[in-house]
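**Student:** My questions will all concern the structure given below.
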Amino acid sequence: MNHVFFVEKIYEDGSLLISEGGWNYTRGNYTRRVISASYATRFKFID
C-alpha cells in the first residue's frame with residue numbers, strides 16, 4: 001500500500017491540515033495532522 005494524504009485546510013501561514021493513510025505500510029493506518037509550509041515542499045501535489 002502506498003502513502004496518500006488529502007489537504008483539508010490551508011492556514012494563513014501556509015501550513016496544511018491533512019488526513020493521511022497507508023503510511024508505515026500498515027493497512028488501516030489513518031491520521032489527521034498539521035504540517036508546516038516548509039515541510040509541505042517535500043511532497044508532490046495533484047489538483
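By order in the C-alpha cells, chains are A, B, ...; within a chain, residues start at 1; ligands start at 1, following the order shown.
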Would you pick out the contacts of Thr41 of chain A at 12 Å or less, using only C-alpha atoms, so that residues sharing its chain but fewer than 6 positions from it are not included, and give the list as a PyMOL selection string?

**Tutor:** chain A and resi 14-16+35

**Student:** Keeping only C-alpha atoms, write the selected residues as a PDB file, in the first residue's frame.

**Tutor:**
ATOM      1  CA  GLY A  14       0.825  28.210   4.662  1.00  0.00           C
ATOM      2  CA  SER A  15       0.630  25.203   6.979  1.00  0.00           C
ATOM      3  CA  LEU A  16      -1.750  22.416   5.970  1.00  0.00           C
ATOM      4  CA  ILE A  35       2.269  20.099   8.660  1.00  0.00           C
TER       5      ILE A  35
END

**Student:** Quick one: distance from atom CA of Phe5 of chain A to atom CA of Ser19 of chain A in Å, one decimal?

**Tutor:**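 It comes out at 5.5 Å.
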
**Student:** Using DSSP on the backbone, list every residue of chain A that comes out as alpha helix (DSSP H), and give them as a PyMOL selection string.

**Tutor:** chain A and resi 37-40

**Student:** Could you save the residues just selected, with C-alpha atoms, as a compact mmCIF listing (two decimals), in the first residue's frame?

**Tutor:**
# COMPACT_ATOMS: atom_id res chain seq x y z
CA ALA A 37 4.57 25.09 4.89
CA SER A 38 8.30 24.30 4.71
CA TYR A 39 7.70 20.57 5.33
CA ALA A 40 4.96 20.53 2.68

**Student:** Provide the atom CA of Glu20 of chain A to atom CA of Phe6 of chain A distance in Å, to one decimal place.

**Tutor:** 6.4 Å

**Student:** If DSSP is run on the backbone, what residues of chain A are strand (DSSP E)? A reply as a PyMOL selection string would be ideal.

**Tutor:** chain A and resi 4-10+16-21+30-35

**Student:** What is the distance between atom CA of Leu17 of chain A and atom CA of Tyr30 of chain A, in Å to one decimal?

**Tutor:**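 Computing the Euclidean distance for atom CA of Leu17 of chain A and atom CA of Tyr30 of chain A yields 13.6 Å.
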
**Student:** Tell me which of A:Gly21, A:Asn29, A:Tyr11, A:Val4 sits closest to Ile46 of chain A, counting only C-alpha atoms.

**Tutor:**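 The closest residue to Ile46 of chain A is A:Val4.
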